[in-house]
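Take a look at the structure set out below.
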Amino acid sequence: GKSLKVKAKAVPQSKTKKVSTHRKMRYESSNPAVASVGLKTGKITAKKKGTCYVYAYAQNGVYKRIKVVVK
């Protein structure tokens, strides 16, 4: 039942290229039965014991994976 908020930010690959933002970051859980995550907010809520991954997607398809362990 506990919750935690993660925040992701898109950074440019080089100083000469800018990051265009026409939509915000999106979040997704690999197993919503263990931990759910708000699609736009990034708020992770624990559901039951287990392990899952939360993905943060940028608008260009680049993503990062965060391991979540619920005890």
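Here's how to read the names in the structure tokens: chain A, B, ... by the order shown, residue numbers from 1 in each chain, ligand numbers from 1 in the order shown.
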**Message:** Give me, as a ChimeraX atom specification, the residues of chain A that a backbone DSSP run labels strand (DSSP E).
**Reply:** /A:3-5,26-29,35-37,43-46,50-57,63-70
Dump of N, CA and C atoms for the selected residues, as an mmCIF file, in the first residue's frame:
data_model
loop_
_atom_site.group_PDB
_atom_site.id
_atom_site.type_symbol
_atom_site.label_atom_id
_atom_site.label_comp_id
_atom_site.auth_asym_id
_atom_site.auth_seq_id
_atom_site.Cartn_x
_atom_site.Cartn_y
_atom_site.Cartn_z
ATOM 1 N N SER A 3 3.557 4.120 -1.323
ATOM 2 C CA SER A 3 3.774 4.678 -2.657
ATOM 3 C C SER A 3 5.054 5.497 -2.689
ATOM 4 N N LEU A 4 5.554 5.687 -3.880
ATOM 5 C CA LEU A 4 6.786 6.421 -4.133
ATOM 6 C C LEU A 4 6.640 7.088 -5.482
ATOM 7 N N LYS A 5 7.190 8.272 -5.638
ATOM 8 C CA LYS A 5 7.082 8.974 -6.911
ATOM 9 C C LYS A 5 8.461 9.048 -7.557
ATOM 10 N N ARG A 26 6.216 9.088 -20.156
ATOM 11 C CA ARG A 26 5.171 8.103 -19.851
ATOM 12 C C ARG A 26 5.792 6.984 -19.022
ATOM 13 N N TYR A 27 4.999 6.404 -18.147
ATOM 14 C CA TYR A 27 5.479 5.358 -17.253
ATOM 15 C C TYR A 27 4.608 4.115 -17.414
ATOM 16 N N GLU A 28 5.233 2.937 -17.211
ATOM 17 C CA GLU A 28 4.508 1.674 -17.353
ATOM 18 C C GLU A 28 5.120 0.640 -16.420
ATOM 19 N N SER A 29 4.283 -0.209 -15.829
ATOM 20 C CA SER A 29 4.732 -1.281 -14.948
ATOM 21 C C SER A 29 4.717 -2.600 -15.709
ATOM 22 N N ALA A 35 3.095 -3.915 -8.529
ATOM 23 C CA ALA A 35 3.170 -2.461 -8.329
ATOM 24 C C ALA A 35 2.585 -1.761 -9.541
ATOM 25 N N SER A 36 1.686 -0.841 -9.288
ATOM 26 C CA SER A 36 1.113 -0.071 -10.384
ATOM 27 C C SER A 36 1.802 1.282 -10.434
ATOM 28 N N VAL A 37 1.733 1.919 -11.597
ATOM 29 C CA VAL A 37 2.358 3.233 -11.761
ATOM 30 C C VAL A 37 1.420 4.122 -12.565
ATOM 31 N N LYS A 43 3.818 7.922 -10.215
ATOM 32 C CA LYS A 43 3.604 7.502 -8.831
ATOM 33 C C LYS A 43 3.446 5.990 -8.786
ATOM 34 N N ILE A 44 4.387 5.323 -8.092
ATOM 35 C CA ILE A 44 4.375 3.866 -7.973
ATOM 36 C C ILE A 44 3.641 3.502 -6.687
ATOM 37 N N THR A 45 2.680 2.564 -6.775
ATOM 38 C CA THR A 45 1.927 2.097 -5.626
ATOM 39 C C THR A 45 2.110 0.596 -5.497
ATOM 40 N N ALA A 46 2.567 0.145 -4.316
ATOM 41 C CA ALA A 46 2.780 -1.275 -4.063
ATOM 42 C C ALA A 46 1.445 -1.983 -3.904
ATOM 43 N N GLY A 50 6.620 -9.028 -4.281
ATOM 44 C CA GLY A 50 7.148 -9.486 -5.559
ATOM 45 C C GLY A 50 8.105 -8.472 -6.156
ATOM 46 N N THR A 51 8.517 -8.746 -7.393
ATOM 47 C CA THR A 51 9.451 -7.893 -8.110
ATOM 48 C C THR A 51 8.863 -7.570 -9.479
ATOM 49 N N CYS A 52 9.035 -6.342 -9.893
ATOM 50 C CA CYS A 52 8.624 -5.936 -11.235
ATOM 51 C C CYS A 52 9.525 -4.794 -11.686
ATOM 52 N N TYR A 53 9.314 -4.343 -12.894
ATOM 53 C CA TYR A 53 10.078 -3.233 -13.444
ATOM 54 C C TYR A 53 9.122 -2.116 -13.835
ATOM 55 N N VAL A 54 9.563 -0.883 -13.628
ATOM 56 C CA VAL A 54 8.826 0.287 -14.077
ATOM 57 C C VAL A 54 9.655 0.920 -15.185
ATOM 58 N N TYR A 55 9.018 1.179 -16.305
ATOM 59 C CA TYR A 55 9.684 1.767 -17.456
ATOM 60 C C TYR A 55 9.277 3.227 -17.592
ATOM 61 N N ALA A 56 10.253 4.085 -17.862
ATOM 62 C CA ALA A 56 10.002 5.495 -18.148
ATOM 63 C C ALA A 56 10.348 5.715 -19.618
ATOM 64 N N TYR A 57 9.354 6.093 -20.421
ATOM 65 C CA TYR A 57 9.521 6.264 -21.859
ATOM 66 C C TYR A 57 9.573 7.739 -22.231
ATOM 67 N N TYR A 63 13.975 4.573 -23.406
ATOM 68 C CA TYR A 63 13.398 4.280 -22.103
ATOM 69 C C TYR A 63 14.474 3.869 -21.111
ATOM 70 N N LYS A 64 14.119 3.943 -19.844
ATOM 71 C CA LYS A 64 14.955 3.462 -18.752
ATOM 72 C C LYS A 64 14.120 2.528 -17.917
ATOM 73 N N ARG A 65 14.750 1.509 -17.361
ATOM 74 C CA ARG A 65 14.069 0.510 -16.559
ATOM 75 C C ARG A 65 14.474 0.670 -15.103
ATOM 76 N N ILE A 66 13.497 0.632 -14.199
ATOM 77 C CA ILE A 66 13.727 0.744 -12.776
ATOM 78 C C ILE A 66 13.199 -0.521 -12.123
ATOM 79 N N LYS A 67 14.054 -1.200 -11.337
ATOM 80 C CA LYS A 67 13.635 -2.414 -10.652
ATOM 81 C C LYS A 67 12.915 -2.042 -9.361
ATOM 82 N N VAL A 68 11.728 -2.624 -9.155
ATOM 83 C CA VAL A 68 10.918 -2.364 -7.961
ATOM 84 C C VAL A 68 10.731 -3.681 -7.213
ATOM 85 N N VAL A 69 11.115 -3.696 -5.939
ATOM 86 C CA VAL A 69 10.935 -4.878 -5.084
ATOM 87 C C VAL A 69 9.979 -4.506 -3.967
ATOM 88 N N VAL A 70 8.858 -5.215 -3.867
ATOM 89 C CA VAL A 70 7.873 -4.990 -2.811
ATOM 90 C C VAL A 70 8.054 -6.105 -1.789
#
**Request:** Find, counting only C-alpha atoms, the residue in A:Pro12, A:Asn31, A:Gly38, A:Lys71 that gets nearest to Ala58 (chain A).
**Result:** A:Pro12
**Fill in**
Atom pair CA of Val34 (chain A) + CA of Ala8 (chain A), distance 21.2 Å
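Using only C-alpha atoms, the shortest contact distance between Lys49 (chain A) and any of A:Pro32, A:Val62, A:Lys24, A:Lys9 is found at A:Pro32.
Rounded to one decimal, CA of Val6 (chain A) and CA of Leu39 (chain A) lie 11.6 Å from each other.
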